[in-house]
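K.L.:
File follows, my_file.txt with compact mmCIF, C-alpha atoms and all ligand atoms:
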```txt
# COMPACT_ATOMS: atom_id res chain seq x y z
CA MET Z 30 13.07 23.71 15.66
CA ALA Z 31 15.34 24.86 12.81
CA ALA Z 32 14.56 23.80 9.26
CA THR Z 33 16.54 21.07 7.46
CA PHE Z 34 17.60 21.56 3.83
CA ILE Z 35 18.43 18.72 1.45
CA ARG Z 36 19.81 19.37 -2.04
CA SER Z 37 19.31 16.71 -4.69
CA ARG Z 38 17.62 15.82 -7.95
CA ILE Z 39 13.91 15.68 -7.20
CA ALA Z 40 11.00 14.07 -9.06
CA ARG Z 41 7.44 14.54 -7.89
CA PHE Z 42 3.78 14.53 -8.80
CA LYS Z 43 2.15 17.89 -8.13
CA SER Z 44 -1.18 18.17 -6.35
CA PRO Z 45 -4.04 17.68 -6.82
CA CYS Z 46 -3.94 14.04 -7.90
CA HIS Z 47 -4.29 13.94 -11.64
CA SER Z 48 -5.92 11.38 -13.83
CA ALA Z 49 -5.56 9.70 -17.21
CA GLY Z 50 -2.57 10.89 -19.17
CA ASP Z 51 -1.54 13.81 -16.96
CA PHE Z 52 0.07 12.83 -13.69
CA GLY Z 53 1.31 16.31 -12.76
CA PHE Z 54 4.88 15.05 -13.07
CA ASP Z 55 7.64 17.54 -12.34
CA TYR Z 56 11.39 16.90 -12.48
CA ILE Z 57 13.94 19.23 -10.87
CA GLU Z 58 17.52 18.56 -11.96
CA ASP Z 59 18.97 20.45 -8.99
CA GLY Z 60 16.67 21.44 -6.15
CA VAL Z 61 16.33 21.89 -2.41
CA ILE Z 62 13.65 20.47 -0.18
CA ALA Z 63 13.20 22.26 3.15
CA LEU Z 64 11.70 20.37 6.09
CA GLU Z 65 10.34 21.67 9.34
CA GLN Z 66 8.34 19.98 12.08
CA GLY Z 67 7.60 16.90 10.03
CA LYS Z 68 6.33 18.79 7.01
CA ILE Z 69 7.68 20.19 3.79
CA LEU Z 70 8.33 23.88 4.28
CA TRP Z 71 9.14 24.53 0.64
CA LEU Z 72 10.73 22.89 -2.39
CA GLU Z 73 12.50 25.00 -5.01
CA PRO Z 74 14.90 24.64 -7.95
CA CYS Z 75 18.41 25.86 -7.08
CA GLU Z 76 18.33 28.52 -9.81
CA THR Z 77 15.36 30.19 -8.09
CA LEU Z 78 17.08 30.00 -4.72
CA ARG Z 79 20.30 31.42 -6.16
CA ARG Z 80 18.41 34.51 -7.33
CA GLN Z 81 17.02 34.89 -3.83
CA GLY Z 82 20.50 34.71 -2.30
CA PHE Z 83 19.86 31.43 -0.51
CA ASP Z 84 22.82 30.10 1.51
CA PHE Z 85 23.51 26.65 0.03
CA SER Z 86 26.07 25.84 2.73
CA ALA Z 87 23.10 25.04 5.00
CA CYS Z 88 22.17 22.06 2.77
CA GLU Z 89 22.94 18.41 3.05
CA GLU Z 90 23.99 17.57 -0.53
CA LEU Z 91 23.10 14.20 -2.04
CA GLU Z 92 25.22 12.93 -4.91
CA ASN Z 93 23.72 10.93 -7.81
CA SER Z 94 20.47 10.69 -5.95
CA LEU Z 95 16.82 11.21 -6.68
CA ILE Z 96 14.31 12.27 -4.05
CA MET Z 97 10.75 11.06 -4.57
CA ALA Z 98 7.68 10.74 -2.37
CA GLY Z 99 7.72 7.55 -0.30
CA PHE Z 100 5.92 4.54 -1.68
CA VAL Z 101 2.42 3.79 -0.42
CA ASP Z 102 1.43 0.12 -0.21
CA ALA Z 103 -2.36 -0.04 -0.06
CA HIS Z 104 -2.56 -3.83 0.42
CA VAL Z 105 -0.11 -5.84 2.50
CA HIS Z 106 -0.28 -8.51 5.21
CA ALA Z 107 2.05 -7.91 8.18
CA PRO Z 108 2.12 -11.54 9.42
CA GLN Z 109 2.99 -13.04 6.06
CA LEU Z 110 6.64 -12.12 5.49
CA ASP Z 111 7.66 -15.67 6.37
CA VAL Z 112 5.50 -17.24 3.66
CA VAL Z 113 6.75 -15.09 0.78
CA GLY Z 114 7.87 -17.52 -1.90
CA ALA Z 115 6.07 -20.56 -0.43
CA TYR Z 116 5.82 -23.10 -3.23
CA GLY Z 117 3.17 -24.46 -5.43
CA LYS Z 118 -0.38 -23.46 -4.47
CA GLN Z 119 -3.18 -21.25 -5.70
CA LEU Z 120 -5.21 -18.96 -3.45
CA LEU Z 121 -7.48 -21.25 -1.42
CA ASP Z 122 -4.90 -24.02 -0.86
CA TRP Z 123 -2.24 -21.40 -0.23
CA LEU Z 124 -4.30 -19.86 2.56
CA ASN Z 125 -4.76 -23.24 4.28
CA ARG Z 126 -1.28 -24.56 3.71
CA TYR Z 127 0.81 -21.43 4.38
CA THR Z 128 -1.10 -18.32 5.47
CA PHE Z 129 -3.23 -19.65 8.29
CA PRO Z 130 -0.38 -21.57 9.99
CA ALA Z 131 1.81 -18.44 9.76
CA GLU Z 132 -0.93 -16.29 11.31
CA LEU Z 133 -1.63 -18.83 14.08
CA LYS Z 134 1.89 -18.26 15.42
CA PHE Z 135 0.86 -14.68 16.27
CA ALA Z 136 -1.19 -16.05 19.18
CA ASP Z 137 2.10 -15.73 21.06
CA ALA Z 138 2.39 -12.07 22.03
CA SER Z 139 6.17 -11.83 22.12
CA TYR Z 140 6.42 -13.54 18.72
CA SER Z 141 3.82 -11.09 17.38
CA TYR Z 142 5.69 -8.05 18.70
CA ALA Z 143 9.01 -9.14 17.23
CA LYS Z 144 7.47 -9.98 13.84
CA ASN Z 145 5.63 -6.66 13.68
CA GLN Z 146 8.87 -4.83 14.43
CA TYR Z 147 10.53 -6.71 11.62
CA PHE Z 148 7.63 -5.90 9.29
CA VAL Z 149 7.85 -2.15 9.94
CA SER Z 150 11.62 -2.16 9.54
CA GLN Z 151 11.19 -3.94 6.21
CA LEU Z 152 8.59 -1.44 4.98
CA LEU Z 153 11.10 1.33 5.65
CA ALA Z 154 13.98 -0.57 4.03
CA HIS Z 155 11.84 -0.99 0.92
CA GLY Z 156 11.02 2.73 0.79
CA THR Z 157 7.39 2.25 1.83
CA THR Z 158 6.41 5.15 4.04
CA SER Z 159 2.68 4.43 4.34
CA ALA Z 160 0.64 1.27 4.11
CA MET Z 161 -2.79 -0.22 4.64
CA VAL Z 162 -2.13 -3.40 6.53
CA TYR Z 163 -3.93 -6.63 7.39
CA THR Z 164 -2.75 -7.99 10.72
CA THR Z 165 -4.14 -11.26 12.17
CA SER Z 166 -7.35 -12.07 14.00
CA PHE Z 167 -5.54 -11.59 17.33
CA ARG Z 168 -6.26 -8.14 18.74
CA HIS Z 169 -2.76 -7.87 20.23
CA SER Z 170 -1.10 -8.20 16.83
CA THR Z 171 -2.87 -5.02 15.68
CA GLU Z 172 -1.94 -3.26 18.92
CA HIS Z 173 1.70 -4.20 18.37
CA LEU Z 174 1.73 -2.90 14.82
CA PHE Z 175 0.10 0.39 15.82
CA GLU Z 176 2.47 0.84 18.75
CA ILE Z 177 5.53 0.33 16.56
CA ALA Z 178 4.22 2.55 13.73
CA LEU Z 179 3.28 5.28 16.23
CA ALA Z 180 6.82 5.30 17.61
CA LYS Z 181 8.07 5.92 14.03
CA ASN Z 182 5.33 8.50 13.47
CA MET Z 183 4.16 6.65 10.35
CA ARG Z 184 0.93 7.30 8.51
CA LEU Z 185 -0.34 3.75 8.66
CA LEU Z 186 -3.76 2.17 8.39
CA ALA Z 187 -4.41 -1.29 9.80
CA GLY Z 188 -7.04 -3.56 11.24
CA LYS Z 189 -7.59 -6.82 13.01
CA VAL Z 190 -8.64 -9.56 10.60
CA MET Z 191 -12.27 -10.51 11.11
CA MET Z 192 -12.94 -14.19 10.31
CA ASP Z 193 -15.44 -16.43 12.06
CA ARG Z 194 -15.71 -19.41 9.69
CA ASN Z 195 -13.85 -21.56 7.17
CA GLY Z 196 -10.48 -21.31 8.88
CA PRO Z 197 -8.60 -23.13 11.66
CA SER Z 198 -10.40 -22.76 14.98
CA GLY Z 199 -7.40 -21.00 16.56
CA LEU Z 200 -7.80 -18.09 14.13
CA LEU Z 201 -11.57 -17.74 14.30
CA ASP Z 202 -13.25 -14.94 16.20
CA SER Z 203 -17.02 -14.51 16.49
CA PRO Z 204 -19.33 -11.64 15.57
CA GLU Z 205 -19.39 -10.65 19.26
CA SER Z 206 -15.65 -10.88 19.92
CA ALA Z 207 -14.86 -9.11 16.63
CA HIS Z 208 -17.22 -6.30 17.62
CA ARG Z 209 -15.63 -5.99 21.05
CA ASP Z 210 -12.04 -6.16 19.78
CA CYS Z 211 -12.57 -3.78 16.86
CA ARG Z 212 -14.30 -1.24 19.11
CA ALA Z 213 -11.47 -1.37 21.62
CA LEU Z 214 -8.86 -0.95 18.87
CA ILE Z 215 -10.77 1.92 17.26
CA GLU Z 216 -11.15 3.73 20.58
CA GLN Z 217 -7.48 3.29 21.41
CA TRP Z 218 -5.75 3.81 18.04
CA HIS Z 219 -7.92 5.37 15.34
CA GLN Z 220 -6.70 8.89 14.46
CA ARG Z 221 -3.99 8.70 17.11
CA GLY Z 222 -0.82 10.30 15.71
CA ARG Z 223 -0.95 9.50 12.01
CA LEU Z 224 -2.68 6.14 12.45
CA GLY Z 225 -6.06 5.07 11.16
CA TYR Z 226 -8.23 2.03 11.74
CA ALA Z 227 -9.39 -0.12 8.83
CA LEU Z 228 -12.12 -2.68 9.38
CA THR Z 229 -10.67 -5.87 7.93
CA PRO Z 230 -12.99 -8.77 7.16
CA ARG Z 231 -10.51 -11.09 5.40
CA PHE Z 232 -13.00 -11.88 2.61
CA SER Z 233 -16.62 -12.88 2.52
CA PRO Z 234 -15.94 -16.69 2.54
CA THR Z 235 -14.44 -16.41 6.04
CA SER Z 236 -17.06 -14.10 7.55
CA SER Z 237 -20.61 -15.11 8.44
CA ARG Z 238 -23.49 -12.82 7.54
CA GLU Z 239 -23.68 -11.87 11.24
CA GLN Z 240 -20.05 -10.80 11.22
CA LEU Z 241 -20.42 -8.75 8.03
CA GLU Z 242 -23.40 -7.13 9.74
CA VAL Z 243 -21.15 -6.20 12.67
CA ALA Z 244 -18.64 -4.63 10.25
CA GLY Z 245 -21.46 -2.60 8.71
CA GLN Z 246 -22.64 -1.40 12.13
CA LEU Z 247 -19.13 -0.28 13.09
CA MET Z 248 -18.78 1.51 9.75
CA GLN Z 249 -21.98 3.45 10.52
CA GLN Z 250 -21.00 4.14 14.08
CA TYR Z 251 -17.52 5.40 13.12
CA PRO Z 252 -17.86 6.99 9.65
CA SER Z 253 -14.19 8.00 9.53
CA LEU Z 254 -12.99 4.38 9.45
CA TRP Z 255 -11.44 2.69 6.45
CA LEU Z 256 -12.37 -0.78 5.24
CA GLN Z 257 -10.18 -3.32 3.46
CA THR Z 258 -10.99 -6.75 2.14
CA HIS Z 259 -10.44 -9.05 -0.83
CA LEU Z 260 -12.64 -9.24 -3.90
CA SER Z 261 -12.70 -11.41 -7.00
CA GLU Z 262 -9.13 -12.67 -6.99
CA ASN Z 263 -9.44 -16.27 -8.15
CA ARG Z 264 -12.06 -18.28 -10.06
CA ASP Z 265 -12.44 -21.01 -7.40
CA GLU Z 266 -12.87 -18.30 -4.79
CA ILE Z 267 -15.66 -16.67 -6.83
CA ASP Z 268 -17.46 -20.04 -7.22
CA TRP Z 269 -17.16 -20.57 -3.47
CA VAL Z 270 -18.68 -17.15 -2.76
CA LYS Z 271 -21.62 -18.08 -5.04
CA GLN Z 272 -22.22 -21.24 -2.99
CA LEU Z 273 -21.91 -19.45 0.34
CA PHE Z 274 -24.09 -16.46 -0.62
CA PRO Z 275 -26.72 -17.82 -3.07
CA GLU Z 276 -28.85 -14.75 -2.34
CA ALA Z 277 -26.20 -12.31 -3.58
CA GLN Z 278 -26.25 -10.96 -7.13
CA ASP Z 279 -22.45 -11.19 -7.32
CA TYR Z 280 -19.30 -11.09 -5.14
CA LEU Z 281 -19.41 -7.31 -4.59
CA ALA Z 282 -23.02 -7.61 -3.38
CA THR Z 283 -21.84 -9.71 -0.41
CA TYR Z 284 -20.14 -6.55 0.89
CA GLU Z 285 -22.61 -4.05 -0.52
CA HIS Z 286 -25.51 -5.62 1.34
CA TYR Z 287 -23.83 -4.79 4.67
CA GLY Z 288 -22.86 -1.21 3.76
CA LEU Z 289 -19.20 -2.04 3.25
CA VAL Z 290 -18.69 -0.41 -0.15
CA THR Z 291 -17.84 3.21 0.56
CA GLU Z 292 -15.35 5.81 -0.63
CA LYS Z 293 -13.02 4.58 2.12
CA SER Z 294 -13.19 0.92 1.09
CA VAL Z 295 -10.20 -0.67 -0.61
CA PHE Z 296 -10.78 -3.97 -2.38
CA GLY Z 297 -7.79 -6.19 -3.02
CA HIS Z 298 -7.45 -7.66 -6.54
CA GLY Z 299 -10.74 -7.26 -8.46
CA ILE Z 300 -9.45 -9.35 -11.38
CA TYR Z 301 -12.76 -10.83 -12.54
CA LEU Z 302 -15.19 -7.98 -11.91
CA SER Z 303 -18.32 -7.76 -14.03
CA GLU Z 304 -19.34 -4.56 -15.79
CA SER Z 305 -21.99 -4.02 -13.11
CA GLU Z 306 -19.50 -4.52 -10.26
CA MET Z 307 -17.09 -2.00 -11.78
CA GLN Z 308 -19.89 0.51 -12.21
CA ARG Z 309 -21.02 0.13 -8.61
CA ILE Z 310 -17.46 0.42 -7.25
CA ALA Z 311 -17.00 3.60 -9.29
CA GLN Z 312 -20.35 5.05 -8.15
CA ARG Z 313 -19.45 4.57 -4.51
CA GLY Z 314 -15.95 5.96 -4.96
CA ALA Z 315 -14.25 2.81 -3.60
CA SER Z 316 -10.73 1.81 -4.63
CA ILE Z 317 -9.05 -1.24 -6.09
CA ALA Z 318 -5.66 -2.54 -4.95
CA PHE Z 319 -3.87 -4.04 -7.96
CA CYS Z 320 -1.43 -6.66 -6.62
CA PRO Z 321 0.63 -7.74 -9.63
CA SER Z 322 3.33 -9.95 -8.12
CA SER Z 323 0.70 -11.78 -6.08
CA ASN Z 324 -1.59 -12.24 -9.07
CA LEU Z 325 1.24 -13.81 -11.06
CA PHE Z 326 2.71 -15.84 -8.21
CA LEU Z 327 -0.62 -17.40 -7.15
CA GLY Z 328 -1.67 -17.78 -10.78
CA SER Z 329 -4.78 -15.72 -10.02
CA GLY Z 330 -5.11 -13.93 -13.35
CA LEU Z 331 -4.30 -10.83 -15.37
CA PHE Z 332 -5.72 -7.60 -13.98
CA ASP Z 333 -7.72 -5.46 -16.43
CA ILE Z 334 -6.21 -2.04 -15.80
CA ALA Z 335 -7.86 -0.46 -18.84
CA GLY Z 336 -11.33 -1.58 -17.71
CA ILE Z 337 -10.78 -0.25 -14.20
CA LYS Z 338 -9.48 3.06 -15.53
CA GLN Z 339 -12.33 3.41 -18.01
CA HIS Z 340 -14.73 3.32 -15.09
CA GLY Z 341 -12.75 5.98 -13.26
CA ILE Z 342 -12.07 3.71 -10.29
CA LYS Z 343 -9.27 4.82 -7.97
CA LEU Z 344 -6.37 2.44 -8.23
CA ALA Z 345 -3.09 1.61 -6.48
CA ILE Z 346 -0.23 -0.78 -7.28
CA CYS Z 347 0.37 -2.85 -4.14
CA SER Z 348 2.51 -5.72 -2.89
CA ASP Z 349 -0.02 -8.11 -1.28
CA VAL Z 350 2.89 -9.73 0.54
CA GLY Z 351 2.87 -12.70 1.35
CA GLY Z 352 0.94 -13.70 -1.83
CA GLY Z 353 3.09 -11.04 -3.47
CA THR Z 354 6.75 -11.86 -3.79
CA SER Z 355 8.29 -8.56 -2.72
CA LEU Z 356 7.57 -5.48 -0.62
CA SER Z 357 9.52 -3.49 -3.20
CA ALA Z 358 7.39 -1.07 -5.21
CA PHE Z 359 9.97 -1.37 -8.00
CA LYS Z 360 9.39 -5.11 -8.32
CA ASN Z 361 5.63 -4.73 -8.17
CA MET Z 362 5.76 -2.02 -10.84
CA ALA Z 363 7.78 -4.42 -13.03
CA ASP Z 364 5.17 -7.13 -12.64
CA ALA Z 365 2.39 -4.59 -13.23
CA TYR Z 366 4.07 -3.57 -16.47
CA LYS Z 367 4.25 -7.19 -17.66
CA ILE Z 368 0.61 -7.93 -16.79
CA CYS Z 369 -0.44 -4.76 -18.60
CA GLN Z 370 1.62 -5.82 -21.63
CA LEU Z 371 -0.30 -9.10 -21.73
CA ARG Z 372 -3.56 -7.13 -21.56
CA GLY Z 373 -2.50 -4.84 -24.41
CA TYR Z 374 -1.93 -1.79 -22.18
CA SER Z 375 1.37 0.02 -22.04
CA LEU Z 376 1.99 1.12 -18.44
CA ASN Z 377 4.38 4.03 -18.70
CA PRO Z 378 6.84 4.70 -15.87
CA LEU Z 379 5.14 7.92 -14.78
CA GLU Z 380 1.84 6.13 -14.34
CA ALA Z 381 3.52 3.20 -12.54
CA PHE Z 382 5.28 5.49 -10.05
CA TYR Z 383 2.12 7.55 -9.70
CA LEU Z 384 0.04 4.46 -8.83
CA SER Z 385 2.68 3.44 -6.28
CA SER Z 386 2.84 6.79 -4.49
CA CYS Z 387 0.42 9.69 -4.75
CA GLY Z 388 -2.18 7.72 -6.72
CA ALA Z 389 -2.10 5.10 -3.98
CA ALA Z 390 -2.43 7.86 -1.38
CA GLN Z 391 -5.52 9.03 -3.25
CA ALA Z 392 -6.90 5.47 -3.30
CA LEU Z 393 -6.51 5.51 0.51
CA HIS Z 394 -8.06 8.97 0.89
CA LEU Z 395 -4.76 10.23 2.25
CA ASP Z 396 -3.72 12.48 -0.63
CA ALA Z 397 -4.37 15.61 1.42
CA PHE Z 398 -1.45 14.58 3.66
CA ILE Z 399 1.03 12.46 1.71
CA GLY Z 400 2.14 11.57 -1.80
CA HIS Z 401 3.01 15.08 -2.94
CA LEU Z 402 6.33 16.81 -2.34
CA GLU Z 403 4.97 20.31 -1.81
CA ALA Z 404 4.81 22.90 0.93
CA GLY Z 405 2.48 21.82 3.73
CA TYR Z 406 2.50 18.09 2.94
CA GLU Z 407 3.92 15.59 5.40
CA ALA Z 408 7.60 14.97 4.71
CA ASP Z 409 7.54 11.25 3.84
CA PHE Z 410 10.06 10.61 1.07
CA VAL Z 411 12.82 8.35 -0.19
CA VAL Z 412 16.31 8.88 -1.56
CA ILE Z 413 16.91 6.61 -4.53
CA ASN Z 414 20.34 5.85 -5.95
CA ALA Z 415 22.16 2.93 -7.57
CA ASP Z 416 25.40 3.28 -5.59
CA THR Z 417 25.22 -0.34 -4.41
CA HIS Z 418 23.67 -1.69 -7.62
CA PRO Z 419 26.47 -1.83 -10.23
CA PHE Z 420 24.30 -3.33 -12.97
CA ILE Z 421 21.77 -0.49 -12.78
CA GLN Z 422 24.54 2.08 -12.41
CA GLN Z 423 25.91 0.88 -15.74
CA ARG Z 424 22.49 0.72 -17.37
CA LEU Z 425 21.63 4.29 -16.32
CA LYS Z 426 24.49 5.59 -18.48
CA SER Z 427 22.35 4.80 -21.55
CA CYS Z 428 19.33 6.76 -20.28
CA SER Z 429 18.73 10.15 -21.85
CA ASN Z 430 15.91 11.45 -19.65
CA ILE Z 431 14.17 10.98 -16.30
CA GLU Z 432 11.41 8.80 -17.71
CA GLU Z 433 13.94 6.31 -19.07
CA GLU Z 434 15.72 6.36 -15.71
CA LEU Z 435 12.48 5.66 -13.82
CA PHE Z 436 11.67 2.84 -16.22
CA VAL Z 437 15.06 1.20 -15.57
CA TYR Z 438 14.47 1.49 -11.82
CA MET Z 439 11.11 -0.23 -12.07
CA THR Z 440 12.20 -2.89 -14.54
CA CYS Z 441 15.57 -3.84 -13.07
CA GLY Z 442 15.42 -2.41 -9.56
CA ASP Z 443 14.64 -3.60 -6.07
CA GLU Z 444 14.99 -2.36 -2.50
CA ARG Z 445 18.77 -1.98 -2.88
CA LEU Z 446 17.97 1.28 -4.69
CA ILE Z 447 16.57 2.80 -1.50
CA ALA Z 448 19.40 4.73 0.16
CA LYS Z 449 17.30 6.53 2.76
CA THR Z 450 13.72 6.67 3.95
CA TYR Z 451 12.31 9.72 5.75
CA ILE Z 452 9.15 9.65 7.83
CA ALA Z 453 7.68 13.04 8.78
CA GLY Z 454 11.04 14.65 8.08
CA GLN Z 455 13.04 12.19 10.19
CA LEU Z 456 15.55 9.77 8.74
CA GLN Z 457 14.17 6.35 9.69
CA TYR Z 458 16.16 4.08 7.40
CA GLN Z 459 19.61 4.33 5.90
CA ARG Z 460 21.14 1.67 3.66
CA ALA Z 461 24.34 0.12 5.00
CA ALA Z 462 27.40 1.48 3.20
ZN ZN I 501 -4.21 -9.91 0.38
```
Transcribe the structure of this file into structure tokens.
P.N.:
Amino acid sequence: MAATFIRSRIARFKSPCHSAGDFGFDYIEDGVIALEQGKILWLEPCETLRRQGFDFSACEELENSLIMAGFVDAHVHAPQLDVVGAYGKQLLDWLNRYTFPAELKFADASYSYAKNQYFVSQLLAHGTTSAMVYTTSFRHSTEHLFEIALAKNMRLLAGKVMMDRNGPSGLLDSPESAHRDCRALIEQWHQRGRLGYALTPRFSPTSSREQLEVAGQLMQQYPSLWLQTHLSENRDEIDWVKQLFPEAQDYLATYEHYGLVTEKSVFGHGIYLSESEMQRIAQRGASIAFCPSSNLFLGSGLFDIAGIKQHGIKLAICSDVGGGTSLSAFKNMADAYKICQLRGYSLNPLEAFYLSSCGAAQALHLDAFIGHLEAGYEADFVVINADTHPFIQQRLKSCSNIEEELFVYMTCGDERLIAKTYIAGQLQYQRAA
């Protein structure tokens, strides 16, 4: 298959993933990205190509646009798009009042298929090219999501929610049925195409010790699996965990005891972690999903980014839709910035974009494949422009460099900035004119 060439402004983070202060940021005012067979063949500034006698007539030329790596959402719930913006509750009431009823509807297979299709189309429309996704406790809802993501050739991680207590009976599985369903899903979908399976106990209050034991056994049996769950999001939740697991030293220990804290574990939230919990997460190389719009919306608390970074814990900025209020990485970066301001930390735009793309890929252990626009990486990227966003178009005229431009995108922007989304080199979303 012949290569495709796209000429545009390009901003990227060079590999390997960098850490504090240096994000490997690189801005090319006029460059060409060459794609072949789903991967990036090369990426060069036009001045270099001109010297080499490159034929620019082969390029698709993008006006006023910026190519960046696609966004990576390391914590999002596929069945919860219809409860985004549901009024008035904090975490535990919100789950009972909104989340569980929304997830119960996925018992109907045709409903589940249609909603998963909508979810994937919305990820693409928001410029999210990869995600780690919670589905529901129904096995078929995970099958539907994988089937749809496979057809788009997306690098997507997902898992069936495991929950066998403290929820409506229609959503509850059992240790035995969770074991059977997870095994079947792993055998059928894990490492198929670009997909990966993530064991997904919702959080320790909704899983019995026997079920957490099952998750630990599966993790041992299939060491290449991921694991996602929630941790230390809300004070009432933490008190509840103490009552349910009096034997555990702290919230993290309820997972640790079953072998669920590994370098492929991603813990959602982690707002109220103790010094010891942060140290243990860092030692095991696990990641934290910072979910700013959710933390503000549910009144959960203000994430301590400086503390997490001090411990060297891998970190991603995520949506946590439906607790979060938008799938847009721009809107979640804006909320992250404001939370950081309240914690006395200035989140600069390079770090915010980094934590929403290649840093998030690193938190998911996927940074060998995605997150970097460089030869050999998978060609997942977005085209950003403000053509349909007159306010931002006007505001950009006052920007004097790329960092100011990125900061305006994240502070004022939303999914209307996404003109195109490419998955493995194929155009999978294009904004209506
Ligand atoms: Zn969540």
K.L.:
Using all atoms listed in the file, find all polymer residues with an atom at most 6 Å away from the point (-5.6, -4.5, -1.6); report them as a PyMOL selection string.
P.N.:
chain Z and resi 103-104+296-297+318
K.L.:
Include C-alpha atoms and write out the residues we just selected as an mmCIF file, in the frame of the given file.
P.N.:
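Generated file (selection-v9.cif):
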```cif
data_model
loop_
_atom_site.group_PDB
_atom_site.id
_atom_site.type_symbol
_atom_site.label_atom_id
_atom_site.label_comp_id
_atom_site.auth_asym_id
_atom_site.auth_seq_id
_atom_site.Cartn_x
_atom_site.Cartn_y
_atom_site.Cartn_z
ATOM 1 C CA ALA Z 103 -2.360 -0.040 -0.060
ATOM 2 C CA HIS Z 104 -2.560 -3.830 0.420
ATOM 3 C CA PHE Z 296 -10.780 -3.970 -2.380
ATOM 4 C CA GLY Z 297 -7.790 -6.190 -3.020
ATOM 5 C CA ALA Z 318 -5.660 -2.540 -4.950
#
```
K.L.:
Mind dumping a table of every chain Z residue within 9 Å of ligand ZN 501 (chain I), with the nearest atom pair and its distance in Å to one decimal, using only C-alpha atoms and all ligand atoms, sorted by chain and rising number, as JSON lines?
P.N.:
```
{"residue": "Z:His104", "atom": "CA", "partner": "I:ZN501", "partner_atom": "ZN", "distance": 6.3}
{"residue": "Z:Val105", "atom": "CA", "partner": "I:ZN501", "partner_atom": "ZN", "distance": 6.2}
{"residue": "Z:His106", "atom": "CA", "partner": "I:ZN501", "partner_atom": "ZN", "distance": 6.4}
{"residue": "Z:Tyr163", "atom": "CA", "partner": "I:ZN501", "partner_atom": "ZN", "distance": 7.7}
{"residue": "Z:Arg231", "atom": "CA", "partner": "I:ZN501", "partner_atom": "ZN", "distance": 8.1}
{"residue": "Z:Thr258", "atom": "CA", "partner": "I:ZN501", "partner_atom": "ZN", "distance": 7.7}
{"residue": "Z:His259", "atom": "CA", "partner": "I:ZN501", "partner_atom": "ZN", "distance": 6.4}
{"residue": "Z:Gly297", "atom": "CA", "partner": "I:ZN501", "partner_atom": "ZN", "distance": 6.2}
{"residue": "Z:His298", "atom": "CA", "partner": "I:ZN501", "partner_atom": "ZN", "distance": 8.0}
{"residue": "Z:Cys320", "atom": "CA", "partner": "I:ZN501", "partner_atom": "ZN", "distance": 8.2}
{"residue": "Z:Ser323", "atom": "CA", "partner": "I:ZN501", "partner_atom": "ZN", "distance": 8.3}
{"residue": "Z:Ser348", "atom": "CA", "partner": "I:ZN501", "partner_atom": "ZN", "distance": 8.6}
{"residue": "Z:Asp349", "atom": "CA", "partner": "I:ZN501", "partner_atom": "ZN", "distance": 4.9}
{"residue": "Z:Val350", "atom": "CA", "partner": "I:ZN501", "partner_atom": "ZN", "distance": 7.1}
{"residue": "Z:Gly351", "atom": "CA", "partner": "I:ZN501", "partner_atom": "ZN", "distance": 7.7}
{"residue": "Z:Gly352", "atom": "CA", "partner": "I:ZN501", "partner_atom": "ZN", "distance": 6.8}
{"residue": "Z:Gly353", "atom": "CA", "partner": "I:ZN501", "partner_atom": "ZN", "distance": 8.3}
```
K.L.:
Please return, as a ChimeraX atom specification, all polymer residues that have at least one atom within 10 Å of the point (-7.8, -17.2, 13.8); use all atoms listed in the file and the file's own coordinate frame.
P.N.:
/Z:129-130,132-136,165-167,190-203
K.L.:
Counting all atoms listed in the file, which residues of stretch 434-454 of chain Z sit at most 12 Å from some atom of stretch 55-62 of chain Z, and what is each one's closest atom pair with its distance in Å to one decimal, listed by chain and rising residue number, as a Markdown table?
P.N.:
```
| residue | atom | partner | partner_atom | distance |
| --- | --- | --- | --- | --- |
| Z:Glu434 | CA | Z:Tyr56 | CA | 11.8 |
| Z:Leu435 | CA | Z:Tyr56 | CA | 11.4 |
| Z:Gly454 | CA | Z:Ile62 | CA | 10.4 |
```
K.L.:
Rounded to one decimal in Å, what is the spacing between atom CA of Z:Tyr140 and atom CA of Z:Leu174?
P.N.:
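Pair atom CA of Z:Tyr140 / atom CA of Z:Leu174 returns 12.3 Å.
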K.L.:
Between atom CA of Z:Lys118 and atom CA of Z:Glu444, what is the spacing in Å?
P.N.:
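For atom CA of Z:Glu444 relative to atom CA of Z:Lys118, the distance reads 26.2 Å.
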K.L.:
Hey, can you check how far atom CA of Z:Leu327 sits from atom CA of Z:Leu186?
P.N.:
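Computed distance, atom CA of Z:Leu327 to atom CA of Z:Leu186, equals 25.2 Å.
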K.L.:
Which residues come within 7 Å of stretch 241-246 of chain Z, counting all atoms listed in the file, excluding same-chain residues fewer than 5 positions away, as a list in words?
P.N.:
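The residues satisfying every condition are Pro204, His208, Leu228, Ser236, Tyr287, Gly288 and Leu289 of chain Z.
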K.L.:
Which polymer residues have any atom within 9 Å of an atom of Z:Arg36, counting all atoms listed in the file, with same-chain residues fewer than 2 positions away left out, as a list in words?
P.N.:
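Contacts, in chain order: Phe34, Arg38, Ile39, Asp59, Gly60, Val61, Ile62, Ala63, Cys75, Phe85, Cys88, Glu89, Glu90, Leu91 and Glu92 of chain Z.
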K.L.:
Check the smallest atom-to-atom distance from each of Z:Arg221, Z:Lys189, Z:Arg126, Z:His401 to Z:Val162 using only C-alpha atoms, then report the winner.
P.N.:
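Distance minimum relative to Z:Val162 lands on Z:Lys189.
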K.L.:
Taking all atoms listed in the file into account, which of Z:Thr128, Z:Gln119, Z:Ser233, Z:Thr450 comes nearest Z:Phe410?
P.N.:
Z:Thr450
